[in-house]
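Okay, so here's the structure we're looking at.
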Amino acid sequence: MPGPTFAEGDTVTLRTVEEEDLEFVQSARNDPAVRQPLTLNRAANAEQIHEFFENSFSSADSVSLLACADEEPVGMVVLFDEDDVTGTATLAYWLAPDHWGNGYAIEAAGLLCEHAFADRRLNKIRADVIESNDGSRRVLEKLGFQHEGVLREEKFVRGEHVDADRYGLLADEWGGV
């Protein structure tokens, strides 16, 4: 059972990640359809996921939340590399492939953007997308993110260096969820 509700949308609820959620996180994170677009080039066993849970999910400069639909975990949204001097942070998100195409990523990422701008008073959120990840690019564009440039051969996916597109969203451009 996922942790307490952090934010609630029409179809998605963001909840804290609890230890009992780690099996779902490990399974989805190791799925090539999730892992490769995130440029995670190593498998993660239960111990590594638990260590990540202990260190990253509770970090002061990041927010990691489980996205749930009808109480069922469907993915995660993460805000990390927060810089309180510049007022910036990086957004990342993923859904288990069985839950693609339902609008969950847009709503979950939007709820986290709302938190970033309204509660954390950030000025800008950035996100990087590898060139082949059209679905993620559409999520960002629907949320109002602007394409800011190309990071040439920034990521390594399936034996190749690939470009990543950098997107950004300013607080005064945010239209809300």
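Naming scheme: A, B, ... for chains in displayed order of the structure tokens; residues 1 onward per chain; ligands 1 onward as shown.
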Go through stretch 32-56 of chain A residue by residue and, counting only C-alpha atoms, keep those with an atom at most 12 Å from stretch 159-176 of chain A; for each kept residue give the shortest atom pair and its distance in Å to one decimal, ordered by chain and increasing number, as a tab-separated table.
```
residue	atom	partner	partner_atom	distance
A:Gln36	CA	A:Gly159	CA	10.8
A:Pro37	CA	A:Ala164	CA	10.4
A:Leu38	CA	A:Ala164	CA	10.9
A:Thr39	CA	A:Val162	CA	10.0
A:Asn41	CA	A:Gly159	CA	9.6
```
How about saving the chosen residues, C-alpha atoms kept, as an mmCIF file, in the first residue's frame?
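Everything below was put into out.cif:
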```cif
data_model
loop_
_atom_site.group_PDB
_atom_site.id
_atom_site.type_symbol
_atom_site.label_atom_id
_atom_site.label_comp_id
_atom_site.auth_asym_id
_atom_site.auth_seq_id
_atom_site.Cartn_x
_atom_site.Cartn_y
_atom_site.Cartn_z
ATOM 1 C CA GLN A 36 16.562 2.917 -21.581
ATOM 2 C CA PRO A 37 14.760 6.277 -22.011
ATOM 3 C CA LEU A 38 15.937 7.183 -18.497
ATOM 4 C CA THR A 39 19.462 6.203 -19.596
ATOM 5 C CA ASN A 41 22.412 1.434 -18.068
#
```
May I have the residues within 12 Å of A:Glu54 as a PDB file with N, CA and C atoms, in the first residue's frame, using only C-alpha atoms and disregarding those fewer than 6 positions away in the same chain?
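Result file follows (part_34.pdb):
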```pdb
ATOM      1  N   VAL A  17       6.876   7.376  -1.212  1.00  0.00           N
ATOM      2  CA  VAL A  17       7.345   6.027  -1.525  1.00  0.00           C
ATOM      3  C   VAL A  17       7.685   5.335  -0.204  1.00  0.00           C
ATOM      4  N   GLU A  18       7.088   4.170  -0.010  1.00  0.00           N
ATOM      5  CA  GLU A  18       7.327   3.399   1.201  1.00  0.00           C
ATOM      6  C   GLU A  18       8.084   2.128   0.846  1.00  0.00           C
ATOM      7  N   GLU A  19       8.646   1.487   1.840  1.00  0.00           N
ATOM      8  CA  GLU A  19       9.460   0.299   1.599  1.00  0.00           C
ATOM      9  C   GLU A  19       8.705  -0.786   0.835  1.00  0.00           C
ATOM     10  N   LEU A  22       8.917  -0.745  -3.039  1.00  0.00           N
ATOM     11  CA  LEU A  22      10.203  -0.919  -3.714  1.00  0.00           C
ATOM     12  C   LEU A  22      10.207  -2.059  -4.719  1.00  0.00           C
ATOM     13  N   GLU A  47      18.642  -4.874  -3.165  1.00  0.00           N
ATOM     14  CA  GLU A  47      19.516  -4.163  -2.215  1.00  0.00           C
ATOM     15  C   GLU A  47      19.856  -2.760  -2.736  1.00  0.00           C
ATOM     16  N   GLN A  48      20.143  -2.656  -4.027  1.00  0.00           N
ATOM     17  CA  GLN A  48      20.468  -1.347  -4.602  1.00  0.00           C
ATOM     18  C   GLN A  48      19.256  -0.414  -4.583  1.00  0.00           C
ATOM     19  N   SER A  64      10.716  12.729  -4.325  1.00  0.00           N
ATOM     20  CA  SER A  64      10.427  11.514  -5.091  1.00  0.00           C
ATOM     21  C   SER A  64       9.078  10.988  -4.640  1.00  0.00           C
TER      22      SER A  64
END
```
What are the DSSP strand (DSSP E) residues of stretch 10-49 of chain A, as a list in words?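 After running DSSP on the backbone, stretch 10-49 of chain A has strand (DSSP E) at Thr13, Leu14, Arg15 and Thr16 of chain A.
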Selected residues, C-alpha atoms, written as a compact mmCIF listing (two decimals), in the first residue's frame, please.
```txt
# COMPACT_ATOMS: atom_id res chain seq x y z
CA THR A 13 -2.54 10.67 -6.68
CA LEU A 14 1.05 11.37 -5.66
CA ARG A 15 2.10 9.49 -2.55
CA THR A 16 5.27 9.05 -0.58
```
I'd like to know which of A:Glu72, A:Asp119, A:Glu153, A:Asp128 is closest to A:Ala96, using only C-alpha atoms.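 The closest residue to A:Ala96 is A:Glu72.
Between A:Asn30 and the residues A:Val85, A:Val77, A:Ala127, A:Leu95, the shortest atom-to-atom distance, using only C-alpha atoms, involves A:Leu95.
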May I ask for the distance between atom CA of A:Phe24 and atom CA of A:Gly101, given in Å to one decimal place?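 Computing the Euclidean distance for atom CA of A:Phe24 and atom CA of A:Gly101 yields 19.2 Å.
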Give the helix (DSSP H, G or I) residues of chain A, as assigned by DSSP on the backbone, as a ChimeraX atom specification. /A:19-30,32-35,46-55,97-99,104-119,134-142,171-173
Which of these residues is nearest to A:Asp83, using only C-alpha atoms: A:Asp98, A:Asp70, A:Asp61, A:Asp10?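 Once distances to A:Asp83 are computed over only C-alpha atoms, the minimum belongs to A:Asp61.
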Spatial neighbours of stretch 107-114 of chain A, 9 Å, only C-alpha atoms, chain gap at least 2 places, as a ChimeraX atom specification: /A:7-14,63,65,67-68,75-79,91-93,103-105,116-119,125,139-140,143,174,176-177
Do you know which residues are at most 7 Å from A:Thr88 counting only C-alpha atoms, after dropping those on the same chain fewer than 6 positions away, and could you put them as an MDAnalysis selection string? chainID A and resid 82 122:125
So that I have them on file, write out the residues from the current selection with C-alpha atoms, as a PDB file, in the first residue's frame.
```
ATOM      1  CA  GLU A  82      17.170  21.689  -6.524  1.00  0.00           C
ATOM      2  CA  LEU A 122      11.138  27.684  -7.633  1.00  0.00           C
ATOM      3  CA  ASN A 123      11.606  29.915 -10.652  1.00  0.00           C
ATOM      4  CA  LYS A 124      12.471  27.276 -13.235  1.00  0.00           C
ATOM      5  CA  ILE A 125      12.156  23.553 -13.813  1.00  0.00           C
TER       6      ILE A 125
END
```
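Between A:Thr90 and the candidates A:Ser62, A:Gln146, A:Ser27, A:Asn45, the tightest atom-to-atom separation, counting only C-alpha atoms, involves A:Ser62.
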Top pick for closest residue to A:Ala46, considering A:Thr5, A:Asn102, A:Ser136, A:Gln26 and counting only C-alpha atoms: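 Of A:Thr5, A:Asn102, A:Ser136, A:Gln26, the one nearest A:Ala46 is A:Gln26, counting only C-alpha atoms.
Using only C-alpha atoms for every distance, the candidate list A:His50, A:Ile106, A:Phe156, A:Pro73 yields A:Ile106 as the residue closest to A:Glu141.
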What is the atom CA of A:Ile130 to atom CA of A:Asp21 distance in Å? 27.2 Å
So how many Å separate atom CA of A:Phe52 and atom CA of A:Val25, to one decimal?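 According to the coordinates, atom CA of A:Phe52 and atom CA of A:Val25 are separated by 10.7 Å.
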